[in-house]
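Enquirer: Next comes input08.txt, compact mmCIF, C-alpha atoms and all ligand atoms:
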# COMPACT_ATOMS: atom_id res chain seq x y z
CA MET A 1 4.28 8.15 4.30
CA LYS A 2 7.97 7.56 3.82
CA LYS A 3 10.02 4.39 3.60
CA GLU A 4 11.68 5.44 6.89
CA ASP A 5 8.27 5.33 8.60
CA ILE A 6 7.86 1.69 7.57
CA ILE A 7 11.36 0.87 8.80
CA PHE A 8 10.54 2.57 12.11
CA PHE A 9 7.25 0.64 12.42
CA HIS A 10 9.01 -2.69 11.87
CA SER A 11 11.63 -1.95 14.48
CA TRP A 12 8.95 -0.67 16.89
CA PHE A 13 7.00 -3.91 16.36
CA ASP A 14 10.07 -6.08 16.91
CA ASN A 15 10.85 -4.28 20.17
CA TYR A 16 7.23 -4.36 21.30
CA VAL A 17 6.87 -8.13 20.85
CA LYS A 18 10.30 -9.00 22.26
CA PRO A 19 9.22 -9.29 25.93
CA PHE A 20 6.16 -11.34 24.95
CA CYS A 21 8.44 -13.74 23.10
CA SER A 22 10.92 -14.03 25.98
CA ILE A 23 8.62 -15.99 28.25
CA GLU A 24 8.68 -19.65 29.18
CA GLY A 25 5.80 -22.07 29.07
CA ASP A 26 2.94 -23.01 26.75
CA MET A 27 2.19 -19.48 25.62
CA LEU A 28 5.65 -19.00 24.07
CA MET A 29 4.72 -21.03 20.99
CA ASN A 30 1.58 -18.94 20.48
CA MET A 31 3.47 -15.65 20.84
CA LEU A 32 6.07 -16.77 18.29
CA GLN A 33 3.35 -17.96 16.00
CA LYS A 34 1.58 -14.58 16.08
CA ARG A 35 4.86 -12.83 15.38
CA SER A 36 5.53 -14.98 12.31
CA HIS A 37 1.87 -14.72 11.21
CA THR A 38 2.27 -10.92 11.23
CA LYS A 39 5.36 -11.08 9.03
CA ARG A 40 3.68 -13.47 6.59
CA VAL A 41 0.58 -11.25 6.41
CA CYS A 42 2.90 -8.35 5.49
CA ASP A 43 4.25 -10.50 2.64
CA MET A 44 0.75 -11.55 1.59
CA VAL A 45 -0.44 -7.94 1.50
CA ALA A 46 2.59 -7.08 -0.65
CA GLU A 47 1.75 -9.94 -3.01
CA LEU A 48 -1.91 -8.96 -3.31
CA GLY A 49 -0.93 -5.28 -3.52
CA SER A 50 1.34 -5.91 -6.46
CA LEU A 51 -1.32 -8.02 -8.22
CA LEU A 52 -3.70 -5.09 -7.66
CA LYS A 53 -1.02 -2.66 -8.91
CA LEU A 54 -1.07 -0.43 -5.84
CA ASP A 55 1.14 2.66 -5.91
CA GLU A 56 3.93 3.10 -3.39
CA GLN A 57 1.89 5.19 -0.91
CA LYS A 58 -0.89 2.63 -0.85
CA MET A 59 1.62 -0.17 -0.43
CA PHE A 60 3.06 1.63 2.61
CA ILE A 61 -0.36 1.99 4.21
CA ALA A 62 -1.26 -1.63 3.45
CA GLU A 63 1.99 -2.85 4.99
CA THR A 64 1.47 -0.74 8.12
CA ILE A 65 -2.00 -2.23 8.56
CA ALA A 66 -0.65 -5.75 8.08
CA LEU A 67 2.11 -5.16 10.61
CA PHE A 68 -0.25 -3.83 13.27
CA HIS A 69 -3.48 -5.72 12.63
CA ASP A 70 -2.80 -8.32 15.34
CA VAL A 71 -0.61 -6.30 17.69
CA GLY A 72 -3.29 -6.75 20.37
CA ARG A 73 -2.95 -10.54 20.18
CA PHE A 74 0.14 -10.50 22.38
CA GLU A 75 -1.65 -8.80 25.26
CA GLN A 76 -4.68 -11.03 24.69
CA LEU A 77 -2.56 -14.17 24.94
CA ARG A 78 -0.72 -12.94 28.01
CA ARG A 79 -3.85 -11.82 29.83
CA TYR A 80 -6.39 -14.48 28.82
CA LYS A 81 -4.23 -17.29 27.40
CA THR A 82 -6.61 -17.71 24.47
CA TYR A 83 -7.19 -16.59 20.88
CA ASN A 84 -10.91 -16.90 21.38
CA ASP A 85 -12.30 -13.35 21.33
CA THR A 86 -15.65 -14.52 22.68
CA ASP A 87 -13.95 -15.83 25.82
CA SER A 88 -11.67 -12.80 26.21
CA GLU A 89 -12.01 -9.57 24.27
CA ASN A 90 -12.04 -8.46 20.66
CA HIS A 91 -8.36 -8.57 19.67
CA ALA A 92 -8.81 -6.03 16.85
CA LEU A 93 -10.05 -3.41 19.30
CA LEU A 94 -7.20 -4.38 21.57
CA SER A 95 -4.77 -3.78 18.66
CA VAL A 96 -6.19 -0.27 18.22
CA LYS A 97 -5.88 0.36 21.97
CA VAL A 98 -2.22 -0.69 21.93
CA LEU A 99 -1.46 1.57 18.94
CA GLU A 100 -3.17 4.53 20.61
CA ARG A 101 -1.64 3.92 24.01
CA GLU A 102 1.87 3.59 22.56
CA GLY A 103 1.41 6.57 20.18
CA VAL A 104 3.18 4.61 17.47
CA LEU A 105 1.18 6.13 14.60
CA GLU A 106 1.90 9.71 15.59
CA CYS A 107 4.37 10.23 12.75
CA LEU A 108 1.56 9.70 10.20
CA SER A 109 -0.85 12.30 8.81
CA SER A 110 -4.31 12.24 10.36
CA GLU A 111 -5.76 10.69 7.17
CA GLU A 112 -3.15 7.91 7.14
CA ARG A 113 -3.79 7.29 10.83
CA ARG A 114 -7.53 7.13 10.18
CA LEU A 115 -7.07 4.54 7.42
CA VAL A 116 -4.70 2.35 9.42
CA THR A 117 -6.88 2.45 12.53
CA ALA A 118 -10.10 1.74 10.62
CA ALA A 119 -8.68 -1.30 8.84
CA VAL A 120 -7.06 -2.72 11.98
CA ARG A 121 -10.31 -2.24 13.92
CA GLN A 122 -12.42 -4.00 11.27
CA HIS A 123 -10.02 -6.75 10.19
CA ASN A 124 -11.85 -9.50 12.10
CA ALA A 125 -15.45 -8.21 11.98
CA TYR A 126 -18.05 -10.59 10.58
CA THR A 127 -19.00 -7.93 8.03
CA LEU A 128 -17.71 -4.43 7.35
CA PRO A 129 -19.83 -1.43 8.42
CA GLU A 130 -22.21 -0.37 5.66
CA ASP A 131 -21.11 3.24 5.83
CA MET A 132 -17.46 2.38 5.23
CA SER A 133 -16.24 3.65 1.86
CA GLY A 134 -13.26 4.78 -0.20
CA ASP A 135 -9.76 3.92 0.93
CA ALA A 136 -10.87 2.77 4.40
CA LEU A 137 -13.05 0.15 2.74
CA PHE A 138 -10.34 -0.84 0.28
CA PHE A 139 -7.64 -1.34 2.93
CA SER A 140 -10.03 -3.17 5.25
CA ARG A 141 -10.86 -5.56 2.43
CA LEU A 142 -7.22 -6.10 1.63
CA ILE A 143 -6.14 -6.96 5.20
CA ARG A 144 -9.15 -9.24 5.68
CA ASP A 145 -8.19 -11.30 2.62
CA ALA A 146 -4.48 -11.45 3.43
CA ASP A 147 -5.17 -12.37 7.06
CA LYS A 148 -7.59 -15.15 6.15
CA LEU A 149 -5.20 -16.65 3.60
CA ASP A 150 -2.45 -16.90 6.17
CA ILE A 151 -4.73 -18.20 8.93
CA VAL A 152 -5.80 -21.05 6.66
CA TRP A 153 -2.14 -21.86 6.02
CA VAL A 154 -1.45 -21.83 9.79
CA GLU A 155 -4.47 -24.07 10.45
CA ILE A 156 -3.38 -26.62 7.85
CA ASP A 157 0.14 -26.61 9.22
CA TYR A 158 -1.15 -27.05 12.77
CA PHE A 159 -3.53 -29.93 12.04
CA THR A 160 -0.88 -31.67 9.94
CA ASN A 161 1.42 -31.82 12.97
CA ARG A 162 -1.16 -31.71 15.75
CA ASP A 163 -0.40 -35.11 17.23
CA MET A 164 3.21 -34.11 17.85
CA GLU A 165 2.37 -30.75 19.43
CA PRO A 166 -1.25 -30.29 20.51
CA ASN A 167 -2.02 -26.70 21.49
CA SER A 168 -5.40 -25.86 23.01
CA ALA A 169 -5.20 -22.16 22.03
CA MET A 170 -5.06 -23.26 18.37
CA GLU A 171 -8.20 -25.31 18.97
CA TRP A 172 -9.94 -22.44 20.79
CA GLY A 173 -10.30 -24.85 23.72
CA PHE A 174 -12.94 -26.75 21.70
CA PRO A 175 -13.43 -30.53 21.92
CA ASP A 176 -12.47 -32.84 19.07
CA THR A 177 -15.87 -34.47 18.62
CA GLY A 178 -15.21 -35.62 15.06
CA SER A 179 -18.27 -33.67 13.89
CA CYS A 180 -19.60 -30.22 13.09
CA THR A 181 -22.29 -28.47 15.12
CA PRO A 182 -25.75 -28.99 13.57
CA GLY A 183 -26.87 -26.09 11.42
CA LEU A 184 -23.44 -24.93 10.33
CA ILE A 185 -23.25 -27.09 7.22
CA SER A 186 -26.52 -25.70 5.90
CA ASP A 187 -25.10 -22.19 6.29
CA ILE A 188 -22.10 -23.15 4.18
CA LEU A 189 -24.35 -24.70 1.54
CA ALA A 190 -26.24 -21.37 1.46
CA ASN A 191 -22.95 -19.47 0.86
CA ARG A 192 -22.93 -17.96 4.33
CA CYS A 193 -19.79 -17.41 6.38
CA LEU A 194 -19.95 -18.84 9.89
CA ARG A 195 -20.02 -16.50 12.86
CA LYS A 196 -17.28 -17.27 15.37
CA GLU A 197 -19.74 -17.21 18.26
CA ARG A 198 -21.53 -20.26 16.82
CA LEU A 199 -18.49 -22.52 16.71
CA LYS A 200 -18.29 -25.27 19.32
CA THR A 201 -16.01 -28.01 17.99
CA GLN A 202 -12.62 -28.22 16.32
CA ASP A 203 -14.27 -29.28 13.08
CA ASP A 204 -16.40 -26.13 13.18
CA ILE A 205 -13.22 -24.04 12.99
CA LYS A 206 -12.13 -25.85 9.82
CA LEU A 207 -15.62 -25.46 8.37
CA MET A 208 -15.60 -21.74 9.11
CA MET A 209 -12.32 -21.43 7.19
CA LEU A 210 -13.82 -23.22 4.19
CA GLY A 211 -16.67 -20.70 4.32
CA TRP A 212 -14.21 -17.83 3.94
CA VAL A 213 -14.31 -18.47 0.16
CA PHE A 214 -17.64 -16.57 0.24
CA ASP A 215 -16.02 -13.56 1.87
CA PHE A 216 -12.92 -12.93 -0.24
CA ASN A 217 -12.95 -9.42 -1.64
CA PHE A 218 -10.50 -9.87 -4.48
CA THR A 219 -10.39 -12.53 -7.17
CA ALA A 220 -6.63 -12.72 -6.62
CA SER A 221 -7.27 -13.95 -3.07
CA LEU A 222 -9.66 -16.67 -4.16
CA LYS A 223 -7.17 -17.69 -6.82
CA ILE A 224 -4.43 -18.09 -4.19
CA PHE A 225 -6.85 -20.15 -2.06
CA SER A 226 -7.52 -22.35 -5.07
CA ASP A 227 -3.91 -22.58 -6.32
CA GLN A 228 -2.69 -23.54 -2.84
CA LYS A 229 -5.33 -26.31 -2.72
CA TYR A 230 -6.61 -25.03 0.63
CA LEU A 231 -10.03 -26.64 0.13
CA GLU A 232 -8.58 -30.08 -0.55
CA ARG A 233 -6.12 -29.75 2.33
CA LEU A 234 -8.62 -28.53 4.93
CA ILE A 235 -11.12 -31.19 3.92
CA THR A 236 -8.67 -33.94 4.86
CA PHE A 237 -9.05 -32.88 8.52
CA LEU A 238 -12.84 -33.14 8.44
CA PRO A 239 -14.85 -36.35 8.78
CA ASP A 240 -15.22 -38.45 5.67
CA ASN A 241 -19.02 -38.43 5.36
CA GLY A 242 -21.83 -37.44 3.00
CA GLU A 243 -22.35 -33.98 4.48
CA ILE A 244 -18.71 -33.04 4.14
CA SER A 245 -18.64 -34.35 0.54
CA LYS A 246 -21.57 -32.02 -0.17
CA VAL A 247 -19.60 -29.15 1.33
CA ARG A 248 -16.61 -30.08 -0.80
CA SER A 249 -18.48 -30.15 -4.09
CA HIS A 250 -20.42 -27.02 -3.21
CA ILE A 251 -17.26 -25.05 -2.51
CA GLU A 252 -15.48 -26.52 -5.52
CA SER A 253 -18.22 -25.27 -7.82
CA PHE A 254 -18.43 -21.91 -6.06
CA VAL A 255 -14.69 -21.35 -6.52
CA ALA A 256 -14.64 -22.60 -10.13
CA ASP A 257 -17.70 -20.48 -11.09
CA THR A 258 -16.40 -17.35 -9.41
CA LEU A 259 -12.95 -17.66 -10.95
CA SER A 260 -14.32 -18.37 -14.42
CA GLN A 261 -16.57 -15.29 -14.27
CA LYS A 262 -13.87 -12.96 -13.07
CA LEU A 263 -10.75 -14.08 -14.90
FE FE B 301 -6.50 -10.85 13.77
Step by step, read the file and then write its structure as structure tokens.
Ligand SMILES: [Fe+2]

Expert:
Amino acid sequence: MKKEDIIFFHSWFDNYVKPFCSIEGDMLMNMLQKRSHTKRVCDMVAELGSLLKLDEQKMFIAETIALFHDVGRFEQLRRYKTYNDTDSENHALLSVKVLEREGVLECLSSEERRLVTAAVRQHNAYTLPEDMSGDALFFSRLIRDADKLDIVWVEIDYFTNRDMEPNSAMEWGFPDTGSCTPGLISDILANRCLRKERLKTQDDIKLMMLGWVFDFNFTASLKIFSDQKYLERLITFLPDNGEISKVRSHIESFVADTLSQKL
């Protein structure tokens, strides 16, 4: 892959999203947010990639994946007016459909195209397929970490300012019950990530994001999560009760133990 390919992909992306970001109404904010999320995920992948000392070719592939991982979100928002895949369709598969339909990856070799498509397709899966290996596995892991780190940032930013600008797509249309759905906390205490299909309240979304600490693939990602104080910041939006304090100390020790073993 050449630098020119990356430049072409960025300008293709900017042109592709332009009409989605020229609308009026409630969905505009969500379209703009997905556009800026994409750009930040590109930066996050570059940051992780340099910590992992990726060579230039790998950096190019990683950046392409980051740029296109959520390209299906725009059509999803326009068609279904939601981010909730369960209520609409899997946005990662939609991203792959858009890339194939538009033929945007045609300038790449078949191996590069295979890697980009595989990572985009799997970026939001609960777990990666067991038969995935080699570079496809590596790039899928990288985009999953970078994407999660930025989504947590977006979530914190949203809930910090929610009262000024409530947005039901950001809340997946879930009610604010001030509690988590029974059963989810025990999953977190057993180091299990929460499946999206089981979430029912706004607090469940925040809990799911806390559970992502169990799913980071690279120590560098967990370190960013810890350095940015994402646990402490997400916890402030959850109820102040005994169960949530248990979650907090459980995750604190998980993060501290994992970082001390790996650093
Ligand atoms: Fe996504």

Enquirer: Can you tell me, as a short mmCIF file (atom, residue, chain, number, x, y, z; two decimals) with C-alpha atoms, in the coordinates of the input, what residues are no more than 12 Å from Glu100 of chain A when counting all atoms listed in the file, ignoring any on the same chain fewer than 3 positions away?

Expert:
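Writing the result to selection25.cif gives the following:
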data_model
loop_
_atom_site.label_atom_id
_atom_site.label_comp_id
_atom_site.auth_asym_id
_atom_site.auth_seq_id
_atom_site.Cartn_x
_atom_site.Cartn_y
_atom_site.Cartn_z
CA PHE A 68 -0.25 -3.83 13.27
CA VAL A 71 -0.61 -6.30 17.69
CA GLY A 72 -3.29 -6.75 20.37
CA LEU A 93 -10.05 -3.41 19.30
CA LEU A 94 -7.20 -4.38 21.57
CA SER A 95 -4.77 -3.78 18.66
CA VAL A 96 -6.19 -0.27 18.22
CA LYS A 97 -5.88 0.36 21.97
CA GLY A 103 1.41 6.57 20.18
CA VAL A 104 3.18 4.61 17.47
CA LEU A 105 1.18 6.13 14.60
CA GLU A 106 1.90 9.71 15.59
CA ARG A 113 -3.79 7.29 10.83
CA ARG A 114 -7.53 7.13 10.18
CA VAL A 116 -4.70 2.35 9.42
CA THR A 117 -6.88 2.45 12.53
CA VAL A 120 -7.06 -2.72 11.98
CA ARG A 121 -10.31 -2.24 13.92
#

Enquirer: Residues at most 8 Å from Phe214 of chain A, counting all atoms listed in the file, excluding those fewer than 5 positions away in the same chain, as a PyMOL selection string?

Expert: chain A and resi 191-193

Enquirer: Residues of chain A within 8 Å of ligand FE 301 (chain B): nearest atom pair and distance (Å, one decimal) for each, counting all atoms listed in the file, sorted by chain and number, as JSON lines?

Expert:
{"residue": "A:His69", "atom": "CA", "partner": "B:FE301", "partner_atom": "FE", "distance": 6.1}
{"residue": "A:Asp70", "atom": "CA", "partner": "B:FE301", "partner_atom": "FE", "distance": 4.7}
{"residue": "A:Arg73", "atom": "CA", "partner": "B:FE301", "partner_atom": "FE", "distance": 7.3}
{"residue": "A:His91", "atom": "CA", "partner": "B:FE301", "partner_atom": "FE", "distance": 6.6}
{"residue": "A:Ala92", "atom": "CA", "partner": "B:FE301", "partner_atom": "FE", "distance": 6.2}
{"residue": "A:His123", "atom": "CA", "partner": "B:FE301", "partner_atom": "FE", "distance": 6.5}
{"residue": "A:Asn124", "atom": "CA", "partner": "B:FE301", "partner_atom": "FE", "distance": 5.8}
{"residue": "A:Asp147", "atom": "CA", "partner": "B:FE301", "partner_atom": "FE", "distance": 7.0}

Enquirer: Segment 197-225 of chain A near segment 23-45 of chain A within 12 Å: what's each residue's closest atom pair and its distance in Å to one decimal, counting all atoms listed in the file, ordered by chain then ascending residue number, as JSON lines?

Expert:
{"residue": "A:Phe218", "atom": "CA", "partner": "A:Val45", "partner_atom": "CA", "distance": 11.9}
{"residue": "A:Ala220", "atom": "CA", "partner": "A:Met44", "partner_atom": "CA", "distance": 11.1}
{"residue": "A:Ser221", "atom": "CA", "partner": "A:Met44", "partner_atom": "CA", "distance": 9.6}
{"residue": "A:Ile224", "atom": "CA", "partner": "A:Met44", "partner_atom": "CA", "distance": 10.1}

Enquirer: Would you mind reading off the distance between atom CA of Asp204 of chain A and atom CA of Ser186 of chain A, one decimal, in Å?

Expert: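 We find that atom CA of Asp204 of chain A and atom CA of Ser186 of chain A lie 12.5 Å from each other.
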
Enquirer: Could you list, as number ranges by chain, every residue within 10 Å of segment 163-179 of chain A, counting all atoms listed in the file and ignoring same-chain residues fewer than 4 positions away?

Expert: A: 26-27, 29-30, 77, 81-87, 154-155, 158-159, 199-206, 237-241, 244

Enquirer: Do you have the atom CA of Gly211 of chain A-atom CA of Leu194 of chain A distance handy?

Expert: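 Computing the Euclidean distance for atom CA of Gly211 of chain A and atom CA of Leu194 of chain A yields 6.7 Å.
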
Enquirer: Any idea what the distance is between atom CA of Arg233 of chain A and atom CA of Gly183 of chain A?

Expert: 22.9 Å

Enquirer: For Arg144 of chain A, which residue out of A:Asp187, A:Glu4, A:Glu89, A:Asp215 is the nearest one, using all atoms listed in the file?

Expert: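 Closest to Arg144 of chain A, using all atoms listed in the file: A:Asp215.
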
Enquirer: Report as a PyMOL selection string all protein, DNA and RNA residues lying within 7 Å of Thr219 of chain A, evaluated on only C-alpha atoms, omitting residues in the same chain fewer than 4 positions from it.

Expert: chain A and resi 223+259+262

Enquirer: Using all atoms listed in the file, find each residue in segment 37-135 of chain A having at least one atom no more than 9 Å away from segment 16-20 of chain A; report its shortest atom-to-atom pair and that distance in Å (one decimal), rows by chain then rising number, as CSV.

Expert:
residue,atom,partner,partner_atom,distance
A:Val71,CA,A:Val17,CA,8.3
A:Phe74,CA,A:Phe20,CA,6.6
A:Glu75,CA,A:Phe20,CA,8.2
A:Arg78,CA,A:Phe20,CA,7.7

Enquirer: Find the spatial neighbours of Ser50 of chain A, counting only C-alpha atoms, within a cut-off of 12 Å - ignore same-chain residues fewer than 2 positions away - and output them as an MDAnalysis selection string.

Expert: chainID A and resid 43:48 52:56 58:60 62:63 142 220

Enquirer: When you count only C-alpha atoms, which of these residues is closest to Glu111 of chain A: A:Met209, A:Pro129, A:Met1, A:Leu231?

Expert: A:Met1

Enquirer: Which residue is closest to Ala190 of chain A? Choose from A:Ala256, A:Leu115, A:Val247, A:Ala66 and count only C-alpha atoms.

Expert: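 Checking each of A:Ala256, A:Leu115, A:Val247, A:Ala66 against Ala190 of chain A, counting only C-alpha atoms, the winner is A:Val247.
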
Enquirer: Pick the closest to Ser245 of chain A from A:Ser109, A:Lys148, A:Thr160, A:Leu189: which is it, counting all atoms listed in the file?

Expert: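 Closest residue, counting all atoms listed in the file: A:Leu189.
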
Enquirer: Here's a test: counting all atoms listed in the file, identify every protein, DNA and RNA residue with an atom at most 9 Å from (-4.3, -19.8, 1.7) in the file's coordinate frame, and state them as a list in words.

Expert: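 So the residues meeting the distance criterion are Ala146, Lys148, Leu149, Asp150, Ile151, Val152, Trp153, Val154, Ser221, Leu222, Ile224, Phe225, Ser226, Asp227, Gln228, Lys229 and Tyr230 of chain A.
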
Enquirer: Quick one: write out the picked residues with C-alpha atoms as a JSON list (two decimals), in the frame of the given file?

Expert:
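New file out.json:
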[["chain", "number", "residue", "atom", "x", "y", "z"],
["A", 146, "ALA", "CA", -4.48, -11.45, 3.43],
["A", 148, "LYS", "CA", -7.59, -15.15, 6.15],
["A", 149, "LEU", "CA", -5.20, -16.65, 3.60],
["A", 150, "ASP", "CA", -2.45, -16.90, 6.17],
["A", 151, "ILE", "CA", -4.73, -18.20, 8.93],
["A", 152, "VAL", "CA", -5.80, -21.05, 6.66],
["A", 153, "TRP", "CA", -2.14, -21.86, 6.02],
["A", 154, "VAL", "CA", -1.45, -21.83, 9.79],
["A", 221, "SER", "CA", -7.27, -13.95, -3.07],
["A", 222, "LEU", "CA", -9.66, -16.67, -4.16],
["A", 224, "ILE", "CA", -4.43, -18.09, -4.19],
["A", 225, "PHE", "CA", -6.85, -20.15, -2.06],
["A", 226, "SER", "CA", -7.52, -22.35, -5.07],
["A", 227, "ASP", "CA", -3.91, -22.58, -6.32],
["A", 228, "GLN", "CA", -2.69, -23.54, -2.84],
["A", 229, "LYS", "CA", -5.33, -26.31, -2.72],
["A", 230, "TYR", "CA", -6.61, -25.03, 0.63]]

Enquirer: Write segment 145-168 of chain A as an mmCIF file, in the coordinates of the input, completed to N, CA and C atoms.

Expert:
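Written out: selection_6.cif:
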data_model
loop_
_atom_site.group_PDB
_atom_site.id
_atom_site.type_symbol
_atom_site.label_atom_id
_atom_site.label_comp_id
_atom_site.auth_asym_id
_atom_site.auth_seq_id
_atom_site.Cartn_x
_atom_site.Cartn_y
_atom_site.Cartn_z
ATOM 1 N N ASP A 145 -8.547 -10.197 3.521
ATOM 2 C CA ASP A 145 -8.190 -11.300 2.620
ATOM 3 C C ASP A 145 -6.821 -11.873 2.981
ATOM 4 N N ALA A 146 -5.848 -10.992 3.160
ATOM 5 C CA ALA A 146 -4.480 -11.450 3.430
ATOM 6 C C ALA A 146 -4.434 -12.238 4.747
ATOM 7 N N ASP A 147 -5.140 -11.731 5.738
ATOM 8 C CA ASP A 147 -5.170 -12.370 7.060
ATOM 9 C C ASP A 147 -5.796 -13.770 6.950
ATOM 10 N N LYS A 148 -6.914 -13.856 6.276
ATOM 11 C CA LYS A 148 -7.590 -15.150 6.150
ATOM 12 C C LYS A 148 -6.700 -16.166 5.430
ATOM 13 N N LEU A 149 -6.046 -15.716 4.356
ATOM 14 C CA LEU A 149 -5.200 -16.650 3.600
ATOM 15 C C LEU A 149 -4.098 -17.215 4.488
ATOM 16 N N ASP A 150 -3.518 -16.362 5.321
ATOM 17 C CA ASP A 150 -2.450 -16.900 6.170
ATOM 18 C C ASP A 150 -3.005 -17.754 7.307
ATOM 19 N N ILE A 151 -4.157 -17.387 7.843
ATOM 20 C CA ILE A 151 -4.730 -18.200 8.930
ATOM 21 C C ILE A 151 -5.041 -19.614 8.429
ATOM 22 N N VAL A 152 -5.518 -19.714 7.213
ATOM 23 C CA VAL A 152 -5.800 -21.050 6.660
ATOM 24 C C VAL A 152 -4.491 -21.851 6.573
ATOM 25 N N TRP A 153 -3.452 -21.196 6.111
ATOM 26 C CA TRP A 153 -2.140 -21.860 6.020
ATOM 27 C C TRP A 153 -1.704 -22.357 7.399
ATOM 28 N N VAL A 154 -1.857 -21.486 8.419
ATOM 29 C CA VAL A 154 -1.450 -21.830 9.790
ATOM 30 C C VAL A 154 -2.276 -23.038 10.283
ATOM 31 N N GLU A 155 -3.563 -23.001 10.000
ATOM 32 C CA GLU A 155 -4.470 -24.070 10.450
ATOM 33 C C GLU A 155 -4.057 -25.416 9.830
ATOM 34 N N ILE A 156 -3.776 -25.388 8.540
ATOM 35 C CA ILE A 156 -3.380 -26.620 7.850
ATOM 36 C C ILE A 156 -2.070 -27.138 8.443
ATOM 37 N N ASP A 157 -1.146 -26.231 8.654
ATOM 38 C CA ASP A 157 0.140 -26.610 9.220
ATOM 39 C C ASP A 157 -0.064 -27.211 10.620
ATOM 40 N N TYR A 158 -0.915 -26.567 11.406
ATOM 41 C CA TYR A 158 -1.150 -27.050 12.770
ATOM 42 C C TYR A 158 -1.780 -28.454 12.761
ATOM 43 N N PHE A 159 -2.847 -28.625 11.996
ATOM 44 C CA PHE A 159 -3.530 -29.930 12.040
ATOM 45 C C PHE A 159 -2.695 -31.041 11.385
ATOM 46 N N THR A 160 -1.772 -30.666 10.512
ATOM 47 C CA THR A 160 -0.880 -31.670 9.940
ATOM 48 C C THR A 160 0.032 -32.252 11.012
ATOM 49 N N ASN A 161 0.448 -31.388 11.955
ATOM 50 C CA ASN A 161 1.420 -31.820 12.970
ATOM 51 C C ASN A 161 0.818 -31.902 14.368
ATOM 52 N N ARG A 162 -0.502 -31.851 14.452
ATOM 53 C CA ARG A 162 -1.160 -31.710 15.750
ATOM 54 C C ARG A 162 -0.767 -32.792 16.753
ATOM 55 N N ASP A 163 -0.654 -34.021 16.281
ATOM 56 C CA ASP A 163 -0.400 -35.110 17.230
ATOM 57 C C ASP A 163 0.943 -34.942 17.932
ATOM 58 N N MET A 164 1.888 -34.316 17.237
ATOM 59 C CA MET A 164 3.210 -34.110 17.850
ATOM 60 C C MET A 164 3.170 -32.972 18.869
ATOM 61 N N GLU A 165 2.381 -31.930 18.548
ATOM 62 C CA GLU A 165 2.370 -30.750 19.430
ATOM 63 C C GLU A 165 0.976 -30.170 19.582
ATOM 64 N N PRO A 166 0.096 -30.848 20.330
ATOM 65 C CA PRO A 166 -1.250 -30.290 20.510
ATOM 66 C C PRO A 166 -1.196 -28.971 21.279
ATOM 67 N N ASN A 167 -2.073 -28.043 20.908
ATOM 68 C CA ASN A 167 -2.020 -26.700 21.490
ATOM 69 C C ASN A 167 -3.465 -26.210 21.615
ATOM 70 N N SER A 168 -3.955 -26.116 22.856
ATOM 71 C CA SER A 168 -5.400 -25.860 23.010
ATOM 72 C C SER A 168 -5.791 -24.460 22.527
#
